[in-house]
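Here's the structure, in structure tokens; my notes come after.
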Amino acid sequence: KTERRCVVKLRTVRISCGVILFMALLGAYSCGKKGTEGMTPEATGPGEAGGFEFAIEPKFDDCLPFNEGMAAVFIDGRWGYVDKTGAMIVPSTYSDAAPFYDGMAAVELDNEWGFIDKTGAVVISPRYIYPYREGPAYRFSEGLAAVYTDGMWGYINKSGALVIGARYDSAGNFVDGLAHAIRDGSDVFIDKTGNVVIEPKCTWALDFSEGLAAINVNNKIGFIDKAGAPKKLYEI
């Protein structure tokens, strides 16, 4: 009897669940039908029908993420910049563009890169060749930008003066006063005068972040602080 009672109870639950599911589907269909019949053509646009409204209407062919309140957008075959209202602050003039960092953005014209400010004024006229096909373009960090000139990397300030000579095989961004660079095949960290502060003797190294920089030593990855003191190494 107990077993039969359980079976009857299970069947009852199944029937109840089926009725509930049928009623839910019927209700959803009725609401959907009523909603679409009552809609005007304007209410079926992608913004309202999708449950959201565009902050900036979709009209660009490509774009980069916003940074420092501005975004590079591609329209009419060229790159320009908009603010968060969608206003075109910098007209679509450039063949390539990078995000704003430190108040400046790298832009390309006729295969040469320069820098503009947030008003669109050209601060450093296009004169630098970017040697890589892909990857992050030029950018300022802590008032300096690594640039490729005369076959090597150096650093310019915001007036365009070369303040650290072009003597590096590669050069990274300054973080907390230090930048990772490669000189004569060796990883080093330099200060804003170009002096080598840390020479970690490693296979490779990355920029500092939150006071630490990752390095690879004998296929083990660890971190060093700004004094060059090593932390624990992790085997890879």
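Labels used: A, B, ... for chains in the order of the structure tokens, numbers from 1 for residues in each chain, and numbers from 1 for ligands as shown.
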
For region 98-102 of chain A, please output as a PDB file with N, CA, C and O atoms, in the first residue's frame all residues within 6 Å (counting only C-alpha atoms; exclusion window: fewer than 2 positions along the same chain).
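After the write, result.pdb holds the following:
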ATOM      1  N   ASN A  67      38.541  55.193 -23.227  1.00  0.00           N
ATOM      2  CA  ASN A  67      39.604  55.360 -22.250  1.00  0.00           C
ATOM      3  C   ASN A  67      39.796  56.849 -22.041  1.00  0.00           C
ATOM      4  O   ASN A  67      39.867  57.614 -23.008  1.00  0.00           O
ATOM      5  N   MET A 104      46.950  61.957 -24.017  1.00  0.00           N
ATOM      6  CA  MET A 104      47.401  61.995 -25.417  1.00  0.00           C
ATOM      7  C   MET A 104      47.023  60.676 -26.100  1.00  0.00           C
ATOM      8  O   MET A 104      46.939  59.635 -25.466  1.00  0.00           O
ATOM      9  N   ALA A 105      46.813  60.760 -27.424  1.00  0.00           N
ATOM     10  CA  ALA A 105      46.519  59.562 -28.202  1.00  0.00           C
ATOM     11  C   ALA A 105      47.433  59.513 -29.414  1.00  0.00           C
ATOM     12  O   ALA A 105      47.690  60.534 -30.065  1.00  0.00           O
ATOM     13  N   ALA A 106      47.932  58.316 -29.717  1.00  0.00           N
ATOM     14  CA  ALA A 106      48.759  58.125 -30.904  1.00  0.00           C
ATOM     15  C   ALA A 106      47.855  57.953 -32.117  1.00  0.00           C
ATOM     16  O   ALA A 106      46.872  57.215 -32.076  1.00  0.00           O
ATOM     17  N   PHE A 140      51.585  57.270 -24.181  1.00  0.00           N
ATOM     18  CA  PHE A 140      52.291  57.945 -23.097  1.00  0.00           C
ATOM     19  C   PHE A 140      51.951  57.286 -21.771  1.00  0.00           C
ATOM     20  O   PHE A 140      50.831  56.807 -21.564  1.00  0.00           O
ATOM     21  N   SER A 141      52.921  57.252 -20.888  1.00  0.00           N
ATOM     22  CA  SER A 141      52.707  56.795 -19.515  1.00  0.00           C
ATOM     23  C   SER A 141      53.678  57.560 -18.634  1.00  0.00           C
ATOM     24  O   SER A 141      54.880  57.602 -18.917  1.00  0.00           O
TER      25      SER A 141
END

Note to self: Show me, as an MDAnalysis selection string, the residues that have an atom within 12 Å of region 210-227 of chain A when counting only C-alpha atoms, minus same-chain residues fewer than 5 positions from it.
What the structure shows: chainID A and resid 175:180 187:191 196:205 232:236

Notebook entry, point to check: So which residues touch Gly103 (chain A) within 8 Å, counting only C-alpha atoms, skipping near sequence neighbours fewer than 3 positions away, as number ranges by chain?
Noted result: A: 68, 100, 117-118

Next item on the list: May I ask for the distance between CA of Pro91 (chain A) and CA of Gly77 (chain A), given in Å to one decimal place?
Entry: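 For CA of Pro91 (chain A) relative to CA of Gly77 (chain A), the distance reads 11.7 Å.
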